[in-house]
Number of protein chains: 2
Amino acid sequence: MKLDLEKGRVDLTHGSGGRAMHDLISNLFAKHFDNPLLAEGNDQAICKIPESYGSNPCLSVSTDSFVISPLFFPGGNIGNLAVHGTVNDVALAGAKPLWLTAGFILEEGFPLVDLTKIVASMAQAAQEADVQIVTGDTKVVPKGKADGLFINTTGVGVVLVDPLPSVRQIEVGDAIIINGPIGDHAVAIMAARENLKFDEELLSDCASLNGLIEAMVQSGTVIHAMRDPTRGGLSATLNEMATSAKVGIHLDEAAIPVRPAVKGVCEILGLDPLNLANEGKLIAFCPQDQAEPLLQAMRAHPLGCEAVVIGHTTDNPHCFVEMKTKLGGVRMVDWLTGDQLPRIC
Amino acid sequence: MKLDLEKGRVDLTHGSGGRAMHDLISNLFAKHFDNPLLAEGNDQAICKIPESYGSNPCLSVSTDSFVISPLFFPGGNIGNLAVHGTVNDVALAGAKPLWLTAGFILEEGFPLVDLTKIVASMAQAAQEADVQIVTGDTKVVPKGKADGLFINTTGVGVVLVDPLPSVRQIEVGDAIIINGPIGDHAVAIMAARENLKFDEELLSDCASLNGLIEAMVQSGTVIHAMRDPTRGGLSATLNEMATSAKVGIHLDEAAIPVRPAVKGVCEILGLDPLNLANEGKLIAFCPQDQAEPLLQAMRAHPLGCEAVVIGHTTDNPHCFVEMKTKLGGVRMVDWLTGDQLPRIC
């Protein structure tokens, strides 16, 4: 049966290892992800680290499965999100991502036209981030046993700096920087689910940050640690980092950028922007005297032009994250036990 | 809420990025997969290739998502299968697998006691295959949006040989070797699904073949190509290899090992053992004069003790796979378009 990418749907034969799967792979995945490593058509990719990264550099390896709902949302879809998310996790160790793998779990009946859109936007995101999708896998489950599709991406990159940024390096007094406003991704997803309308269009911030991270690393400023505040938002990420680094954190609410639309939704629905997921944000910890040069390096990059200092680390045996509120008080910033918004990535 | 690994179930908070997810990761995944790279607790693992593999060796990278049903089957479960499958795909390029990533998609309500069993058997399989699970990811979807759990594993290894085994190297006249009987995995799964009973116990053959592959590679015999006949069985794998290598293949039915129980099930259900999935088998292509020393090297390893030559490549412009039957005739071995048995891995 000829593959109909316009009106066809995924069926169980597309995951069977036989001719139908072969057709789907060569006419859809291989066509969009086209590169010499993938074209070898083996069950594994053979990757050679370019000599320019020196002899035997450290590798940065990260994996993420994406189960976001809905699959298409303002500012992106599960496909480019799956590229951005893993590119970012690889890069946040001060590494340059080189290769991605892509594993698809498809639900029987999923429209091939949607799959094509998703695969095409993965390919575009990979090209923009200068990474290659070098090998993949396709599984199909019967209708009702998944939710459209799930994508796993795993990334491999080379570490560019020594010592590499890590929570181990965080010190008391470090400045904490973020590259822009928080909560856009979560609120865009919420809007897509609930059909909310805003005066200004609100898009997910999902983006590959590896270019920004490379610029930060190559600026020569000292960076102690970096992480992206995705699921659980700023509050979960900062609490986890504080606990690992055995420091406290002091935030300044007035300094934390939040767009008016995000602020509005949070006020109406009783949400805390600090708990909202981001997909194109990073937080960096650096010595106080490095904050200014690091901010300059970040602001020179399109994805860092709104970078600001939002707080600093403190000497606190309980590793508390505290925030000076706009009213002048100080409140604890705890991380959620439960879930504000499931399936955000 | 304290994590109850005996009677508890997965809920949406376990995928939220907050405290509940942190508890699940540290009390279950990190405990079983324990190793120094994972213990760093970052969103990525920093991996250093041991100097003993030379300066800047090629990497072998492979990914697979596992959606097998049922999750537990005679001879294994989705957990150790997910290790074996990716270890094998990495190793079949003549590589030594070093590191795995693990991505879990969990359905709300999945019993934590089952998750613990699965994770423990992954950890054991990884230890036996001498690979480390260095980083992971956990997602939870609402009840009815997945089927218990799905696991993605991605593996990274170092290539041990040059030139590496690849379909490009296959030549007319090559001997084709398999390391043992076919169809055990598919029939074990079928038996678990349909509650079939056999006189002799039939187990899935699922196993990590990297030890066998290392022995084959280090024997110094010339190996042109290797692959594992998983989904689609021997017929799909050989047809794909023949097409890629632009050769024909001639098989000898009498030489292909099939256990009596598998033969019996195939006769009753009208299945062809050549189409049945395997999870602990490999086929190797080598020059005729290398077949005997390669067989000897394989038979010295527990997973290769039943290794035999099952055919050879031919000069055939149509890349047909043909088989001399036990009755003396010759029949075409086509690969399936459809699916004999979905969700086999």
# chains A, B, ... in the order shown; residues from 1 in each chain; ligands from 1

call {"tool": "closest_atom_pairs", "arguments": {"of": "chain B", "to": "chain A", "cutoff": "7 Å", "atoms": "only C-alpha atoms", "output": "CSV"}}
result
residue,atom,partner,partner_atom,distance
B:Leu12,CA,A:Pro342,CA,6.8
B:Thr13,CA,A:Gly338,CA,4.9
B:Ser16,CA,A:Asp339,CA,5.4
B:Gly17,CA,A:Gly232,CA,4.6
B:Gly18,CA,A:Leu336,CA,5.3
B:Arg19,CA,A:Thr337,CA,4.7
B:Ala20,CA,A:Thr337,CA,5.5
B:Asp43,CA,A:Asp89,CA,6.0
B:Gln44,CA,A:Ser62,CA,4.5
B:Ala45,CA,A:Val61,CA,5.1
B:Ile46,CA,A:Ser60,CA,4.7
B:Cys47,CA,A:Leu59,CA,5.0
B:Lys48,CA,A:Cys58,CA,4.8
B:Ile49,CA,A:Asn56,CA,6.9
B:Ser55,CA,A:Asn56,CA,5.8
B:Asn56,CA,A:Asn56,CA,4.9
B:Cys58,CA,A:Lys48,CA,4.8
B:Leu59,CA,A:Cys47,CA,5.0
B:Ser60,CA,A:Ile46,CA,4.7
B:Val61,CA,A:Ala45,CA,5.1
B:Ser62,CA,A:Gln44,CA,4.5
B:Thr63,CA,A:Gly136,CA,6.0
B:Asp64,CA,A:Asp137,CA,5.5
B:Ser65,CA,A:Gly103,CA,6.0
B:Asp89,CA,A:Asp43,CA,6.0
B:Val90,CA,A:Gln44,CA,6.0
B:Thr101,CA,A:Thr63,CA,6.4
B:Gly103,CA,A:Ser65,CA,6.0
B:Thr135,CA,A:Ser62,CA,6.4
B:Gly136,CA,A:Thr63,CA,6.0
B:Asp137,CA,A:Asp64,CA,5.5
B:Lys139,CA,A:Ser65,CA,6.9
B:Val141,CA,A:Arg343,CA,6.8
B:Gly144,CA,A:Lys145,CA,6.9
B:Lys145,CA,A:Ala146,CA,4.9
B:Ala146,CA,A:Ala146,CA,4.2
B:Asp147,CA,A:Lys145,CA,5.2
B:Asn152,CA,A:Asn152,CA,7.0
B:Thr154,CA,A:Thr154,CA,6.8
B:Arg231,CA,A:Gly17,CA,4.7
B:Gly232,CA,A:Gly17,CA,4.6
B:Ala236,CA,A:Gly18,CA,5.7
B:Trp335,CA,A:Gly18,CA,6.1
B:Leu336,CA,A:Gly18,CA,5.3
B:Thr337,CA,A:Arg19,CA,4.8
B:Gly338,CA,A:Thr13,CA,4.9
B:Asp339,CA,A:Thr13,CA,5.3
B:Pro342,CA,A:Ser16,CA,6.4
B:Arg343,CA,A:Val141,CA,6.8

call {"tool": "select_by_dssp", "arguments": {"residues": "region 66-208 of chain A", "states": "strand (DSSP E)", "output": "MDAnalysis selection string"}}
result
chainID A and resid 66 72:73 76:77 95:107 132:141 149:159 175:178

call {"tool": "calpha_fit_rmsd", "arguments": {"fixed": "chain B", "moving": "chain A"}}
result
0.0 Å

call {"tool": "residues_around", "arguments": {"residues": "Gly180 (chain B)", "least_positions_apart": "6", "cutoff": "10 Å", "atoms": "only C-alpha atoms", "output": "tab-separated table (two decimals) with N, CA, C and O atoms, in the first residue's frame"}}
result
chain	number	residue	atom	x	y	z
B	205	ASP	N	14.57	-15.05	24.11
B	205	ASP	CA	16.04	-15.13	24.02
B	205	ASP	C	16.69	-13.81	24.39
B	205	ASP	O	17.90	-13.65	24.20
B	256	ILE	N	18.81	-23.59	9.30
B	256	ILE	CA	18.33	-22.53	10.20
B	256	ILE	C	17.75	-23.14	11.46
B	256	ILE	O	16.74	-23.85	11.40
B	257	PRO	N	18.35	-22.88	12.61
B	257	PRO	CA	17.87	-23.54	13.83
B	257	PRO	C	16.56	-22.94	14.35
B	257	PRO	O	16.43	-21.73	14.46
B	258	VAL	N	15.60	-23.83	14.61
B	258	VAL	CA	14.30	-23.44	15.20
B	258	VAL	C	13.95	-24.49	16.26
B	258	VAL	O	14.00	-25.69	15.98
B	259	ARG	N	13.62	-24.04	17.45
B	259	ARG	CA	13.26	-24.98	18.51
B	259	ARG	C	11.93	-25.67	18.20
B	259	ARG	O	11.05	-25.05	17.58
B	280	GLY	N	17.89	-11.76	21.02
B	280	GLY	CA	19.23	-12.15	21.48
B	280	GLY	C	19.98	-12.84	20.36
B	280	GLY	O	20.85	-13.68	20.61
B	281	LYS	N	19.63	-12.50	19.13
B	281	LYS	CA	20.26	-13.14	17.97
B	281	LYS	C	20.94	-12.09	17.11
B	281	LYS	O	20.47	-10.95	17.03
B	282	LEU	N	22.04	-12.50	16.49
B	282	LEU	CA	22.69	-11.65	15.51
B	282	LEU	C	23.03	-12.47	14.28
B	282	LEU	O	23.23	-13.69	14.37
B	283	ILE	N	23.04	-11.80	13.15
B	283	ILE	CA	23.54	-12.43	11.93
B	283	ILE	C	24.80	-11.69	11.51
B	283	ILE	O	24.88	-10.46	11.60
B	303	LEU	N	26.69	-17.25	24.53
B	303	LEU	CA	25.59	-16.82	23.67
B	303	LEU	C	25.83	-17.13	22.20
B	303	LEU	O	25.00	-16.81	21.35
B	304	GLY	N	26.97	-17.79	21.90
B	304	GLY	CA	27.25	-18.14	20.51
B	304	GLY	C	27.46	-19.63	20.31
B	304	GLY	O	27.83	-20.07	19.22
B	305	CYS	N	27.15	-20.43	21.35
B	305	CYS	CA	27.52	-21.84	21.29
B	305	CYS	C	26.71	-22.61	20.25
B	305	CYS	O	27.11	-23.69	19.83
B	306	GLU	N	25.60	-22.05	19.80
B	306	GLU	CA	24.82	-22.74	18.77
B	306	GLU	C	24.99	-22.08	17.39
B	306	GLU	O	24.16	-22.24	16.50
B	307	ALA	N	26.08	-21.33	17.22
B	307	ALA	CA	26.29	-20.60	15.96
B	307	ALA	C	26.43	-21.55	14.77
B	307	ALA	O	27.09	-22.59	14.88
B	308	VAL	N	25.79	-21.19	13.66
B	308	VAL	CA	25.86	-21.99	12.43
B	308	VAL	C	25.81	-21.08	11.20
B	308	VAL	O	25.30	-19.96	11.27

call {"tool": "residues_around", "arguments": {"residues": "Asn77 (chain B)", "least_positions_apart": "6", "cutoff": "8 Å", "atoms": "only C-alpha atoms", "output": "JSON, numbers by chain"}}
result
{"B": [71, 118, 121]}

call {"tool": "select_by_dssp", "arguments": {"residues": "region 222-303 of chain B", "states": "alpha helix (DSSP H)", "output": "MDAnalysis selection string"}}
result
chainID B and resid 233:245 260:269 291:299

call {"tool": "residues_around", "arguments": {"residues": "Gln290 (chain A)", "least_positions_apart": "3", "cutoff": "7 Å", "atoms": "only C-alpha atoms", "output": "count of residues only"}}
result
6

call {"tool": "closest_residue", "arguments": {"among": "A:Met216, A:Ala261, A:Leu37, A:Leu209", "to": "Lys197 (chain A)", "atoms": "only C-alpha atoms"}}
result
A:Ala261

call {"tool": "residues_around", "arguments": {"residues": "Phe29 (chain A)", "least_positions_apart": "3", "cutoff": "9 Å", "atoms": "only C-alpha atoms", "output": "number ranges by chain"}}
result
A: 24-26, 32-34, 116, 119-120, 136

call {"tool": "closest_residue", "arguments": {"among": "A:Ala255, A:Ala245, A:Val265, A:Val333", "to": "Gln169 (chain A)", "atoms": "only C-alpha atoms"}}
result
A:Ala245

call {"tool": "residues_around", "arguments": {"residues": "Val262 (chain A)", "least_positions_apart": "5", "cutoff": "10 Å", "atoms": "only C-alpha atoms", "output": "compact mmCIF listing (two decimals) with C-alpha atoms, in the first residue's frame"}}
result
# COMPACT_ATOMS: atom_id res chain seq x y z
CA PRO A 181 10.62 36.86 31.26
CA ILE A 182 9.20 33.73 32.88
CA GLY A 183 6.03 31.71 32.33
CA ASP A 184 5.43 32.27 28.60
CA HIS A 185 5.53 28.57 27.71
CA ALA A 186 3.14 27.44 30.42
CA VAL A 187 0.64 30.21 29.73
CA ALA A 188 0.76 29.60 25.96
CA PHE A 198 -5.14 37.76 25.09
CA LEU A 202 1.43 35.20 23.75
CA GLU A 267 -3.80 36.70 38.95
CA LEU A 271 -1.09 30.72 39.83
CA ASP A 272 2.42 31.71 40.86
CA PRO A 273 4.60 32.66 37.87
CA LEU A 276 5.38 28.08 35.57

call {"tool": "closest_residue", "arguments": {"among": "A:Gln127, A:Asn35, A:Gln132, A:Gln296", "to": "Gly220 (chain A)", "atoms": "only C-alpha atoms"}}
result
A:Gln296
